[in-house]
file input10.cif (mmCIF, C-alpha atoms)
data_target
loop_
_atom_site.label_atom_id
_atom_site.label_comp_id
_atom_site.auth_asym_id
_atom_site.auth_seq_id
_atom_site.Cartn_x
_atom_site.Cartn_y
_atom_site.Cartn_z
CA MET N 607 86.85 69.82 34.72
CA SER N 608 86.55 72.10 37.68
CA GLU N 609 87.66 75.69 37.48
CA LEU N 610 87.69 76.34 41.18
CA SER N 611 88.50 73.74 43.75
CA VAL N 612 88.71 74.18 47.49
CA LYS N 613 90.08 71.52 49.78
CA ASN N 614 90.76 71.22 53.43
CA LEU N 615 89.47 74.65 54.44
CA HIS N 616 89.67 75.34 58.15
CA VAL N 617 88.75 78.67 59.68
CA PHE N 618 88.74 79.69 63.31
CA ARG N 619 86.92 82.79 64.45
CA GLY N 620 88.22 83.45 67.94
CA GLU N 621 87.79 80.16 69.79
CA ARG N 622 85.20 78.78 67.38
CA HIS N 623 86.17 76.28 64.72
CA LEU N 624 83.75 77.71 62.19
CA LEU N 625 84.61 75.92 58.94
CA ARG N 626 85.91 72.40 59.47
CA GLY N 627 87.66 70.82 56.55
CA LEU N 628 85.34 72.24 53.94
CA GLY N 629 85.94 71.10 50.37
CA PHE N 630 84.08 71.55 47.08
CA GLU N 631 84.54 72.08 43.37
CA VAL N 632 82.90 74.48 40.95
CA PRO N 633 83.05 73.80 37.20
CA ALA N 634 83.09 76.61 34.64
CA GLY N 635 79.71 78.11 33.82
CA CYS N 636 78.31 76.99 37.10
CA CYS N 637 76.88 78.70 40.12
CA LEU N 638 77.45 77.44 43.63
CA GLN N 639 74.78 78.65 45.95
CA VAL N 640 75.94 78.76 49.56
CA VAL N 641 73.14 78.25 52.04
CA GLY N 642 72.96 77.71 55.75
CA ALA N 643 71.53 79.27 58.88
CA ASN N 644 72.72 82.67 60.06
CA GLY N 645 76.11 82.56 61.69
CA THR N 646 77.26 79.30 60.12
CA GLY N 647 80.02 80.96 58.09
CA LYS N 648 78.63 81.86 54.65
CA THR N 649 80.16 85.33 54.73
CA THR N 650 83.35 83.95 56.26
CA LEU N 651 83.69 81.46 53.42
CA LEU N 652 83.33 84.15 50.77
CA ARG N 653 85.72 86.48 52.58
CA VAL N 654 88.33 83.74 52.77
CA LEU N 655 88.06 83.11 49.03
CA ALA N 656 88.24 86.86 48.35
CA GLY N 657 91.48 87.01 50.34
CA LEU N 658 90.06 89.24 53.06
CA LEU N 659 90.48 86.65 55.78
CA GLU N 660 93.44 84.37 56.46
CA PRO N 661 92.23 80.80 56.92
CA GLU N 662 94.06 78.33 59.15
CA SER N 663 94.48 76.06 56.16
CA LEU N 664 93.32 76.10 52.55
CA GLU N 665 94.24 74.34 49.34
CA LEU N 666 92.85 76.55 46.60
CA THR N 667 93.09 75.65 42.93
CA PHE N 668 91.85 78.01 40.23
CA ARG N 669 92.05 77.03 36.56
CA GLY N 670 94.35 74.16 37.37
CA GLN N 671 96.84 76.23 39.32
CA ARG N 672 97.51 76.24 43.03
CA ILE N 673 96.82 79.75 44.29
CA PRO N 674 99.12 81.06 47.00
CA PRO N 675 97.64 83.62 49.43
CA ARG N 676 97.46 87.19 48.07
CA ASP N 677 98.10 86.22 44.46
CA PRO N 678 97.48 89.38 42.37
CA ASP N 679 96.56 87.41 39.22
CA TYR N 680 93.93 85.45 41.10
CA HIS N 681 92.54 88.68 42.55
CA ALA N 682 92.42 90.29 39.12
CA ASN N 683 90.14 87.41 38.11
CA LEU N 684 87.69 87.76 40.94
CA SER N 685 85.14 90.29 41.95
CA TYR N 686 83.70 90.46 45.44
CA LEU N 687 80.40 92.06 46.35
CA GLY N 688 80.05 92.30 50.11
CA HIS N 689 77.57 93.84 52.52
CA ASP N 690 78.96 97.34 51.99
CA PRO N 691 78.80 98.48 48.39
CA ALA N 692 81.97 100.67 48.49
CA LEU N 693 80.27 103.81 47.25
CA LYS N 694 81.26 107.36 48.16
CA SER N 695 78.21 109.37 49.09
CA ASP N 696 79.62 112.61 47.65
CA PHE N 697 80.23 111.08 44.22
CA THR N 698 77.69 110.30 41.54
CA SER N 699 77.00 106.69 40.55
CA ALA N 700 79.02 107.13 37.37
CA GLU N 701 82.03 108.49 39.29
CA ASN N 702 81.82 105.64 41.78
CA VAL N 703 81.63 102.96 39.12
CA SER N 704 84.48 104.37 37.08
CA PHE N 705 86.68 104.52 40.18
CA ASN N 706 85.83 101.04 41.44
CA VAL N 707 86.32 99.46 38.03
CA GLY N 708 89.23 101.74 37.12
CA LEU N 709 91.26 100.33 40.00
CA ARG N 710 91.26 97.01 38.17
CA ARG N 711 91.11 97.79 34.49
CA ARG N 712 90.92 100.68 32.09
CA VAL N 713 87.37 101.72 31.47
CA ALA N 714 85.77 104.25 29.15
CA SER N 715 82.92 106.48 30.29
CA GLU N 716 80.62 104.99 27.62
CA ASP N 717 81.15 101.55 29.18
CA VAL N 718 80.22 102.96 32.57
CA GLN N 719 77.07 104.49 31.12
CA SER N 720 76.04 101.27 29.40
CA ALA N 721 76.64 99.31 32.62
CA LEU N 722 74.44 101.75 34.53
CA ILE N 723 71.75 101.36 31.87
CA ARG N 724 72.05 97.57 32.15
CA VAL N 725 71.31 97.65 35.89
CA GLY N 726 68.53 100.20 35.54
CA ALA N 727 70.50 103.00 37.21
CA ALA N 728 70.68 105.35 34.23
CA LYS N 729 67.95 107.61 35.56
CA PHE N 730 69.92 108.56 38.65
CA SER N 731 73.44 108.15 37.33
CA ASP N 732 74.31 111.84 37.76
CA ARG N 733 72.88 112.18 41.26
CA PRO N 734 75.20 111.95 44.27
CA VAL N 735 74.94 108.54 45.91
CA ARG N 736 73.93 110.28 49.16
CA ALA N 737 70.53 110.90 47.58
CA LEU N 738 69.95 107.26 46.57
CA SER N 739 68.01 104.58 48.39
CA ALA N 740 69.69 101.39 49.61
CA GLY N 741 68.26 99.42 46.69
CA GLN N 742 69.45 101.99 44.16
CA ARG N 743 72.94 101.83 45.69
CA ARG N 744 72.90 98.06 45.36
CA ARG N 745 72.14 98.44 41.64
CA VAL N 746 75.12 100.78 41.25
CA ALA N 747 77.30 98.21 43.02
CA LEU N 748 76.03 95.55 40.59
CA ALA N 749 77.10 97.79 37.70
CA SER N 750 80.69 97.79 39.05
CA LEU N 751 80.59 94.02 39.46
CA TRP N 752 79.33 93.50 35.93
CA LEU N 753 81.92 95.83 34.44
CA THR N 754 85.03 94.40 36.12
CA GLY N 755 85.08 91.52 33.66
CA ALA N 756 86.29 89.19 36.41
CA SER N 757 85.47 85.53 35.83
CA LEU N 758 84.85 84.54 39.44
CA TRP N 759 82.06 86.37 41.22
CA LEU N 760 81.81 86.11 44.99
CA LEU N 761 78.45 87.53 46.01
CA ASP N 762 77.34 87.96 49.58
CA GLU N 763 73.56 88.40 49.70
CA PRO N 764 73.54 90.15 46.30
CA ALA N 765 69.81 90.83 46.33
CA THR N 766 69.64 92.64 49.70
CA ASN N 767 67.42 95.72 49.60
CA LEU N 768 66.38 95.05 46.00
CA ASP N 769 62.79 95.08 44.77
CA VAL N 770 61.30 92.22 42.75
CA ALA N 771 62.62 93.60 39.47
CA GLY N 772 66.03 94.03 41.09
CA GLN N 773 66.09 90.41 42.23
CA GLY N 774 65.28 89.40 38.68
CA LEU N 775 68.18 91.58 37.54
CA VAL N 776 70.59 89.75 39.86
CA ALA N 777 69.39 86.41 38.49
CA SER N 778 69.73 87.54 34.88
CA LEU N 779 73.21 89.02 35.47
CA ILE N 780 74.29 85.70 36.98
CA GLN N 781 72.78 83.71 34.10
CA GLU N 782 74.53 85.92 31.57
CA HIS N 783 77.84 85.57 33.42
CA LEU N 784 77.50 81.77 33.51
CA ALA N 785 76.69 81.69 29.81
CA ASP N 786 80.00 83.50 29.21
CA GLY N 787 81.77 80.70 31.05
CA GLY N 788 82.07 82.55 34.34
CA LEU N 789 81.83 81.20 37.85
CA VAL N 790 79.58 82.41 40.61
CA MET N 791 79.51 81.70 44.31
CA ALA N 792 76.56 83.35 45.94
CA ALA N 793 75.48 83.30 49.55
CA THR N 794 71.76 83.74 49.05
CA HIS N 795 68.53 81.90 49.71
CA GLN N 796 66.90 83.48 46.69
CA ASP N 797 65.86 81.20 43.83
CA LEU N 798 68.13 82.19 40.97
CA GLY N 799 66.05 80.42 38.32
CA LEU N 800 68.98 78.42 36.98
CA PRO N 801 68.69 75.02 35.28
CA PRO N 802 69.90 72.23 37.58
CA ASN N 803 73.01 71.51 35.50
CA GLN N 804 74.22 75.05 36.11
CA CYS N 805 73.54 75.24 39.79
CA ALA N 806 74.73 73.39 42.84
CA THR N 807 74.03 74.03 46.47
CA LEU N 808 76.56 73.99 49.26
CA GLU N 809 75.03 73.74 52.65
CA ILE N 810 77.09 74.89 55.56
CA GLY N 811 75.74 73.53 58.80
CA ALA N 812 76.54 74.21 62.40
CA ARG N 813 78.05 70.73 62.64
CA GLY N 814 80.57 71.20 59.87
CA VAL N 815 80.17 70.29 56.28
CA SER N 816 78.09 68.63 53.68
CA ALA N 817 78.75 69.36 50.05
CA MET X 116 85.56 91.52 27.24
CA THR X 117 89.08 92.61 26.47
CA ALA X 118 90.38 94.01 29.70
CA ILE X 119 93.56 96.01 30.03
CA ARG X 120 94.65 95.76 33.62
CA THR X 121 95.32 99.01 35.42
CA SER X 122 98.99 99.43 36.31
CA THR X 123 99.93 99.97 39.95
CA ILE X 124 100.99 103.55 39.25
CA ALA X 125 97.70 104.30 37.52
CA ALA X 126 95.73 102.74 40.38
CA ALA X 127 97.66 104.77 42.97
CA TRP X 128 97.07 107.89 40.90
CA LEU X 129 93.32 107.11 40.81
CA VAL X 130 93.23 106.82 44.60
CA LEU X 131 95.15 110.07 45.05
CA GLU X 132 92.94 111.92 42.60
CA ARG X 133 89.79 110.52 44.17
CA ASP X 134 90.81 111.58 47.69
CA LEU X 135 91.63 115.10 46.53
CA ARG X 136 88.34 115.35 44.67
CA LEU X 137 86.41 114.11 47.71
CA ALA X 138 88.13 116.70 49.90
CA VAL X 139 87.18 119.50 47.55
CA ARG X 140 83.51 118.47 47.77
CA ARG X 141 83.50 118.82 51.54
CA PRO X 142 85.80 121.73 52.33
CA ALA X 143 84.84 121.82 56.03
CA GLN X 144 87.07 118.83 56.75
CA LEU X 145 89.90 120.53 54.93
CA ILE X 146 89.65 123.81 56.80
CA GLN X 147 89.22 122.40 60.32
CA PRO X 148 92.88 121.56 61.03
CA LEU X 149 93.99 124.89 59.57
CA VAL X 150 91.64 126.86 61.78
CA PHE X 151 92.75 124.79 64.77
CA PHE X 152 96.39 125.53 63.95
CA ALA X 153 95.70 129.26 63.68
CA VAL X 154 93.60 129.49 66.84
CA VAL X 155 96.04 127.55 69.03
CA THR X 156 98.99 129.61 67.83
CA LEU X 157 97.18 132.92 68.22
CA LEU X 158 96.14 132.08 71.79
CA PHE X 159 99.74 132.51 72.92
CA PRO X 160 100.08 136.26 72.26
CA LEU X 161 96.78 136.64 74.10
CA GLY X 162 97.42 134.30 76.99
CA TYR X 163 101.16 134.60 77.55
CA THR X 164 102.43 138.04 76.57
CA PRO X 165 102.10 140.40 73.64
CA GLU X 166 105.84 141.17 73.88
CA LEU X 167 107.40 139.99 70.61
CA GLY X 168 110.79 139.34 72.19
CA LYS X 169 109.38 136.81 74.63
CA LEU X 170 107.06 135.26 72.04
CA ARG X 171 109.95 134.80 69.65
CA ALA X 172 111.69 132.65 72.25
CA ILE X 173 108.77 130.20 72.47
CA ALA X 174 107.71 130.46 68.80
CA PRO X 175 109.43 127.22 67.62
CA GLY X 176 107.77 125.10 70.28
CA VAL X 177 104.37 126.72 69.82
CA LEU X 178 104.39 126.36 66.03
CA TRP X 179 105.42 122.70 66.15
CA VAL X 180 103.12 121.56 68.92
CA ALA X 181 100.19 123.30 67.21
CA ALA X 182 101.10 121.81 63.83
CA LEU X 183 101.46 118.33 65.37
CA LEU X 184 98.07 118.48 67.06
CA ALA X 185 96.41 119.93 63.96
CA SER X 186 97.70 117.14 61.73
CA MET X 187 96.58 114.61 64.35
CA LEU X 188 93.08 116.06 64.18
CA ALA X 189 92.71 115.11 60.54
CA LEU X 190 94.13 111.62 60.97
CA GLU X 191 91.09 109.87 62.30
CA SER X 192 89.20 110.35 59.07
CA LEU X 193 92.07 108.96 56.97
CA PHE X 194 90.81 105.37 56.74
CA ARG X 195 87.63 105.43 58.79
CA GLU X 196 85.19 106.23 56.01
CA ASP X 197 86.85 103.90 53.53
CA ALA X 198 86.65 101.12 56.08
CA ALA X 199 83.01 101.79 56.88
CA ASP X 200 81.73 101.84 53.29
CA GLY X 201 83.68 98.80 52.09
CA THR X 202 86.21 100.67 49.95
CA LEU X 203 89.18 99.19 51.81
CA GLU X 204 87.83 95.68 51.18
CA GLN X 205 87.68 96.48 47.49
CA PHE X 206 91.27 97.75 47.66
CA VAL X 207 92.37 94.39 49.08
CA VAL X 208 90.52 92.29 46.48
CA SER X 209 91.44 94.55 43.55
CA GLY X 210 94.67 92.67 42.84
CA GLN X 211 96.63 95.90 43.22
CA PRO X 212 99.40 96.01 45.82
CA LEU X 213 97.85 97.47 48.95
CA VAL X 214 101.15 99.19 49.80
CA GLY X 215 100.88 101.39 46.70
CA LEU X 216 97.29 102.35 47.43
CA MET X 217 98.14 103.15 51.06
CA ALA X 218 101.06 105.30 49.93
CA ALA X 219 98.69 107.20 47.64
CA LYS X 220 96.22 107.76 50.46
CA THR X 221 98.99 109.01 52.74
CA LEU X 222 100.27 111.37 50.07
CA ALA X 223 96.74 112.73 49.62
CA HIS X 224 96.50 113.23 53.37
CA TRP X 225 99.76 115.19 53.39
CA LEU X 226 98.70 117.34 50.43
CA LEU X 227 95.45 118.12 52.22
CA THR X 228 96.79 118.82 55.72
CA GLY X 229 100.58 118.87 56.00
CA LEU X 230 101.19 121.10 53.02
CA PRO X 231 98.53 123.74 53.86
CA LEU X 232 99.74 123.76 57.49
CA THR X 233 103.29 124.37 56.28
CA LEU X 234 102.22 127.18 53.98
CA MET X 235 100.25 128.82 56.77
CA ALA X 236 103.08 128.72 59.31
CA PRO X 237 104.92 131.88 58.13
CA LEU X 238 101.75 133.95 58.59
CA LEU X 239 101.32 132.70 62.14
CA GLY X 240 105.04 133.13 62.70
CA ILE X 241 104.67 136.86 62.16
CA ALA X 242 102.15 136.98 65.00
CA LEU X 243 104.80 135.36 67.21
CA GLY X 244 107.48 137.87 66.23
CA VAL X 245 109.43 135.57 63.94
CA PRO X 246 111.67 137.61 61.59
CA VAL X 247 110.88 137.31 57.88
CA VAL X 248 114.40 136.06 57.04
CA ALA X 249 113.66 132.91 59.07
CA MET X 250 110.59 131.97 56.98
CA PRO X 251 112.28 129.86 54.28
CA GLY X 252 114.00 127.80 56.97
CA ILE X 253 110.75 127.27 58.83
CA LEU X 254 108.96 126.24 55.62
CA VAL X 255 111.57 123.59 54.81
CA ALA X 256 111.57 122.19 58.34
CA LEU X 257 107.78 121.98 58.54
CA MET X 258 107.53 120.47 55.07
CA LEU X 259 109.89 117.62 56.03
CA GLY X 260 108.32 117.22 59.45
CA THR X 261 104.70 117.04 58.29
CA ILE X 262 105.59 114.36 55.73
CA THR X 263 106.82 112.16 58.55
CA LEU X 264 103.80 113.02 60.70
CA SER X 265 101.40 111.93 57.93
CA LEU X 266 103.30 108.67 57.48
CA ILE X 267 103.36 107.84 61.21
CA GLY X 268 99.71 108.81 61.37
CA ALA X 269 98.77 106.43 58.55
CA VAL X 270 100.20 103.49 60.50
CA GLY X 271 98.34 104.59 63.62
CA ALA X 272 95.08 105.09 61.72
CA GLY X 273 95.45 101.61 60.20
CA LEU X 274 96.07 100.03 63.59
CA THR X 275 93.05 101.67 65.20
CA LEU X 276 90.69 100.71 62.34
CA GLY X 277 88.98 97.94 64.25
CA VAL X 278 88.68 99.97 67.43
CA ARG X 279 85.44 101.73 68.22
CA ARG X 280 86.09 105.39 69.00
CA GLY X 281 89.77 104.95 68.30
CA GLY X 282 90.52 108.67 68.37
CA VAL X 283 92.16 108.78 71.79
CA LEU X 284 94.04 105.54 71.20
CA LEU X 285 95.26 106.93 67.89
CA SER X 286 96.79 109.96 69.64
CA LEU X 287 98.34 107.77 72.33
CA LEU X 288 99.91 105.57 69.66
CA THR X 289 101.23 108.24 67.33
CA LEU X 290 102.24 111.13 69.60
CA PRO X 291 105.20 109.29 71.19
CA LEU X 292 106.43 108.30 67.73
CA ALA X 293 106.18 111.92 66.63
CA VAL X 294 108.46 113.15 69.43
CA PRO X 295 111.71 112.98 67.37
CA VAL X 296 110.05 115.05 64.65
CA LEU X 297 108.99 117.58 67.25
CA ILE X 298 112.47 117.82 68.78
CA PHE X 299 114.39 118.23 65.52
CA GLY X 300 111.70 120.38 63.94
CA ALA X 301 111.60 122.83 66.82
CA ARG X 302 115.40 122.94 66.90
CA ALA X 303 115.58 123.67 63.16
CA THR X 304 113.03 126.44 63.57
CA GLU X 305 114.90 127.91 66.54
CA LEU X 306 118.14 127.98 64.55
CA ALA X 307 116.34 129.64 61.63
CA ILE X 308 115.04 132.36 63.95
CA LEU X 309 118.51 132.90 65.40
CA GLY X 310 119.88 133.15 61.87
CA GLU X 311 122.26 130.20 62.31
CA SER X 312 122.82 127.15 60.12
CA GLN X 313 119.95 124.61 60.38
CA ILE X 314 121.74 121.91 58.49
CA GLY X 315 122.07 119.43 61.39
CA PRO X 316 118.41 119.12 62.39
CA LEU X 317 117.30 119.33 58.72
CA TYR X 318 119.44 116.28 57.91
CA LEU X 319 117.82 114.42 60.77
CA LEU X 320 114.32 115.50 59.68
CA SER X 321 115.07 114.30 56.15
CA ALA X 322 116.37 111.00 57.48
CA LEU X 323 113.16 110.51 59.46
CA ALA X 324 111.10 111.33 56.36
CA VAL X 325 113.02 108.82 54.24
CA LEU X 326 112.68 106.16 56.93
CA GLY X 327 108.95 106.88 57.07
CA ILE X 328 108.48 106.75 53.29
CA THR X 329 110.28 103.39 53.19
CA LEU X 330 108.53 101.65 56.06
CA ALA X 331 105.24 103.36 56.85
CA PRO X 332 103.21 102.30 53.77
CA LEU X 333 104.23 98.66 54.38
CA ALA X 334 103.19 98.90 58.01
CA ALA X 335 99.96 100.73 57.15
CA ALA X 336 99.03 98.05 54.57
CA ALA X 337 99.67 95.27 57.08
CA ALA X 338 97.68 97.12 59.73
CA VAL X 339 94.73 97.63 57.37
CA ARG X 340 94.69 93.93 56.46
CA ILE X 341 94.49 93.01 60.13
CA GLY X 342 91.89 95.70 60.77
CA LEU X 343 89.60 94.26 58.09
CA GLU X 344 89.62 90.69 59.43
#

call {"tool": "encode", "arguments": {"input": "input10.cif", "output": "structure tokens"}}
result
Amino acid sequence: MSELSVKNLHVFRGERHLLRGLGFEVPAGCCLQVVGANGTGKTTLLRVLAGLLEPESLELTFRGQRIPPRDPDYHANLSYLGHDPALKSDFTSAENVSFNVGLRRRVASEDVQSALIRVGAAKFSDRPVRALSAGQRRRVALASLWLTGASLWLLDEPATNLDVAGQGLVASLIQEHLADGGLVMAATHQDLGLPPNQCATLEIGARGVSA
Amino acid sequence: MTAIRTSTIAAAWLVLERDLRLAVRRPAQLIQPLVFFAVVTLLFPLGYTPELGKLRAIAPGVLWVAALLASMLALESLFREDAADGTLEQFVVSGQPLVGLMAAKTLAHWLLTGLPLTLMAPLLGIALGVPVVAMPGILVALMLGTITLSLIGAVGAGLTLGVRRGGVLLSLLTLPLAVPVLIFGARATELAILGESQIGPLYLLSALAVLGITLAPLAAAAAVRIGLE
């Protein structure tokens, strides 16, 4: 039984017909890894599913229900991690996480602290983000993602700027999320170390689709 | 995880509080429009005439043009940073109505520029020979006017999101829309200085503010959505 199903997805970017009739299904507890050469539409696909981009056509079903565009309940169930980690440089990591998560759900400061510990950001949690490296910022962004409690994760290159331990952290966060029955769509070429029954690959090619 | 979803009001409050807190951490941005307002207004006694009688005659126009330009100065930064660091994207995917969050951001902008500008106006009025009895009238007029200016500005800032160096375009877009505010605001101020009833222009300023409050957040939210695509 698939939790997320996409059918008949067409996206134009300017004059280019970027995604042509893309369709796929993701069952619960499963990760769909989106791969393809640069510029084939991996980011576009994730942005469409996050509701940031209006597709020309899309039949989206989530948990057995057709999702109309801009459905607040669908959005409350998804968490999107894009290229920019949405952190304010004048705020500390803890302030940033409690704002980003607080927009969606009520969160206690202990939860924020434990999330920062989970992603290995506890050491610099009271430093302004301005003083952090790109990899450290990415870890803070992962803390927000982990804390939202959303069941569908849309991750665009989640391991960018991360060191080896950080890449392992991304993989273990994803595994944990899948074990809880969550769904992940990740545009990454990194090996996530998932057993084959939990992981599928969607290749987006310049020609169109194969899934 | 048992998650209690944040209500729209609570989310808007979070955005408002966050913007105010950010402004406090970098006061330079806060002070800039105020200094601009003061300098422009104080150039007139120096450049035109020190005679209070003559200055009083041009005081309404000077105060309003300076206030309009000062509030424009702060507009560019309204959405720019949030767009650049991905915060606006997170607003859109948060499941909260974007209109509410935009309204909160606009309110924060007014509290940080429009309100201080209004409160500063009586001081600058004295330099232009405005009698003290006229101050309450000027305060009310500017308060109503700057609300509308912030709202118009939010739409303009949303529309110029995707434009590189959109500052000039932003002024070109919003200044014509601000003309009614300028006309009625200056008229209300003039009447206050003359000691006559301001009720006519104040009604019109209030009507513009209500129109802005009703429509501008919707337009700003739509503009931001387009700007992010």

call {"tool": "residues_near_point", "arguments": {"input": "input10.cif", "point": "(97.6, 105.9, 39.2)", "cutoff": "12 Å", "atoms": "all atoms listed in the file", "output": "ChimeraX atom specification"}}
result
/N:705,708-712 /X:120-133,211,215-216,218-220

call {"tool": "residues_around", "arguments": {"input": "input10.cif", "residues": "segment 671-681 of chain N", "least_positions_apart": "3", "cutoff": "6 Å", "atoms": "only C-alpha atoms", "output": "ChimeraX atom specification"}}
result
/N:666-668,684 /X:208,210

call {"tool": "closest_residue", "arguments": {"input": "input10.cif", "among": "N:His783, N:Arg626, N:His795, N:Lys613", "to": "chain X", "atoms": "all atoms listed in the file"}}
result
N:His783

call {"tool": "atom_distance", "arguments": {"input": "input10.cif", "atom1": "atom CA of Arg724 of chain N", "atom2": "atom CA of Ser704 of chain N"}}
result
15.0 Å

call {"tool": "atom_distance", "arguments": {"input": "input10.cif", "atom1": "atom CA of Leu145 of chain X", "atom2": "atom CA of Ala747 of chain N"}}
result
28.3 Å

call {"tool": "resolve_selection", "arguments": {"input": "input10.cif", "expression": "the PyMOL selection byres ((chain X and resi 259) around 12)", "output": "PyMOL selection string"}}
result
chain X and resi 225+229-230+232-233+252-258+260-266+296-297+299-300+303+316-328

call {"tool": "write_last_selection", "arguments": {"input": "input10.cif", "atoms": "C-alpha atoms", "output": "PDB file, in the frame of the given file"}}
result
ATOM      1  CA  TRP X 225      99.760 115.190  53.390  1.00  0.00           C
ATOM      2  CA  GLY X 229     100.580 118.870  56.000  1.00  0.00           C
ATOM      3  CA  LEU X 230     101.190 121.100  53.020  1.00  0.00           C
ATOM      4  CA  LEU X 232      99.740 123.760  57.490  1.00  0.00           C
ATOM      5  CA  THR X 233     103.290 124.370  56.280  1.00  0.00           C
ATOM      6  CA  GLY X 252     114.000 127.800  56.970  1.00  0.00           C
ATOM      7  CA  ILE X 253     110.750 127.270  58.830  1.00  0.00           C
ATOM      8  CA  LEU X 254     108.960 126.240  55.620  1.00  0.00           C
ATOM      9  CA  VAL X 255     111.570 123.590  54.810  1.00  0.00           C
ATOM     10  CA  ALA X 256     111.570 122.190  58.340  1.00  0.00           C
ATOM     11  CA  LEU X 257     107.780 121.980  58.540  1.00  0.00           C
ATOM     12  CA  MET X 258     107.530 120.470  55.070  1.00  0.00           C
ATOM     13  CA  GLY X 260     108.320 117.220  59.450  1.00  0.00           C
ATOM     14  CA  THR X 261     104.700 117.040  58.290  1.00  0.00           C
ATOM     15  CA  ILE X 262     105.590 114.360  55.730  1.00  0.00           C
ATOM     16  CA  THR X 263     106.820 112.160  58.550  1.00  0.00           C
ATOM     17  CA  LEU X 264     103.800 113.020  60.700  1.00  0.00           C
ATOM     18  CA  SER X 265     101.400 111.930  57.930  1.00  0.00           C
ATOM     19  CA  LEU X 266     103.300 108.670  57.480  1.00  0.00           C
ATOM     20  CA  VAL X 296     110.050 115.050  64.650  1.00  0.00           C
ATOM     21  CA  LEU X 297     108.990 117.580  67.250  1.00  0.00           C
ATOM     22  CA  PHE X 299     114.390 118.230  65.520  1.00  0.00           C
ATOM     23  CA  GLY X 300     111.700 120.380  63.940  1.00  0.00           C
ATOM     24  CA  ALA X 303     115.580 123.670  63.160  1.00  0.00           C
ATOM     25  CA  PRO X 316     118.410 119.120  62.390  1.00  0.00           C
ATOM     26  CA  LEU X 317     117.300 119.330  58.720  1.00  0.00           C
ATOM     27  CA  TYR X 318     119.440 116.280  57.910  1.00  0.00           C
ATOM     28  CA  LEU X 319     117.820 114.420  60.770  1.00  0.00           C
ATOM     29  CA  LEU X 320     114.320 115.500  59.680  1.00  0.00           C
ATOM     30  CA  SER X 321     115.070 114.300  56.150  1.00  0.00           C
ATOM     31  CA  ALA X 322     116.370 111.000  57.480  1.00  0.00           C
ATOM     32  CA  LEU X 323     113.160 110.510  59.460  1.00  0.00           C
ATOM     33  CA  ALA X 324     111.100 111.330  56.360  1.00  0.00           C
ATOM     34  CA  VAL X 325     113.020 108.820  54.240  1.00  0.00           C
ATOM     35  CA  LEU X 326     112.680 106.160  56.930  1.00  0.00           C
ATOM     36  CA  GLY X 327     108.950 106.880  57.070  1.00  0.00           C
ATOM     37  CA  ILE X 328     108.480 106.750  53.290  1.00  0.00           C
TER      38      ILE X 328
END

call {"tool": "atom_distance", "arguments": {"input": "input10.cif", "atom1": "atom CA of Thr289 of chain X", "atom2": "atom CA of Gln144 of chain X"}}
result
20.6 Å

call {"tool": "interface_residues", "arguments": {"input": "input10.cif", "of": "chain N", "to": "chain X", "cutoff": "10 Å", "atoms": "all atoms listed in the file", "output": "ChimeraX atom specification"}}
result
/N:619,650,653-660,676-697,701-702,704-713,753-756,786

call {"tool": "resolve_selection", "arguments": {"input": "input10.cif", "expression": "the PyMOL selection byres ((chain X and resi 272) around 12)", "output": "VMD selection string"}}
result
chain X and resid 187 to 198 217 220 to 221 224 264 to 271 273 to 278 280 to 289 331 to 332 334 to 339 342

call {"tool": "write_last_selection", "arguments": {"input": "input10.cif", "atoms": "C-alpha atoms", "output": "compact mmCIF listing (two decimals), in the coordinates of the input"}}
result
# COMPACT_ATOMS: atom_id res chain seq x y z
CA MET X 187 96.58 114.61 64.35
CA LEU X 188 93.08 116.06 64.18
CA ALA X 189 92.71 115.11 60.54
CA LEU X 190 94.13 111.62 60.97
CA GLU X 191 91.09 109.87 62.30
CA SER X 192 89.20 110.35 59.07
CA LEU X 193 92.07 108.96 56.97
CA PHE X 194 90.81 105.37 56.74
CA ARG X 195 87.63 105.43 58.79
CA GLU X 196 85.19 106.23 56.01
CA ASP X 197 86.85 103.90 53.53
CA ALA X 198 86.65 101.12 56.08
CA MET X 217 98.14 103.15 51.06
CA LYS X 220 96.22 107.76 50.46
CA THR X 221 98.99 109.01 52.74
CA HIS X 224 96.50 113.23 53.37
CA LEU X 264 103.80 113.02 60.70
CA SER X 265 101.40 111.93 57.93
CA LEU X 266 103.30 108.67 57.48
CA ILE X 267 103.36 107.84 61.21
CA GLY X 268 99.71 108.81 61.37
CA ALA X 269 98.77 106.43 58.55
CA VAL X 270 100.20 103.49 60.50
CA GLY X 271 98.34 104.59 63.62
CA GLY X 273 95.45 101.61 60.20
CA LEU X 274 96.07 100.03 63.59
CA THR X 275 93.05 101.67 65.20
CA LEU X 276 90.69 100.71 62.34
CA GLY X 277 88.98 97.94 64.25
CA VAL X 278 88.68 99.97 67.43
CA ARG X 280 86.09 105.39 69.00
CA GLY X 281 89.77 104.95 68.30
CA GLY X 282 90.52 108.67 68.37
CA VAL X 283 92.16 108.78 71.79
CA LEU X 284 94.04 105.54 71.20
CA LEU X 285 95.26 106.93 67.89
CA SER X 286 96.79 109.96 69.64
CA LEU X 287 98.34 107.77 72.33
CA LEU X 288 99.91 105.57 69.66
CA THR X 289 101.23 108.24 67.33
CA ALA X 331 105.24 103.36 56.85
CA PRO X 332 103.21 102.30 53.77
CA ALA X 334 103.19 98.90 58.01
CA ALA X 335 99.96 100.73 57.15
CA ALA X 336 99.03 98.05 54.57
CA ALA X 337 99.67 95.27 57.08
CA ALA X 338 97.68 97.12 59.73
CA VAL X 339 94.73 97.63 57.37
CA GLY X 342 91.89 95.70 60.77
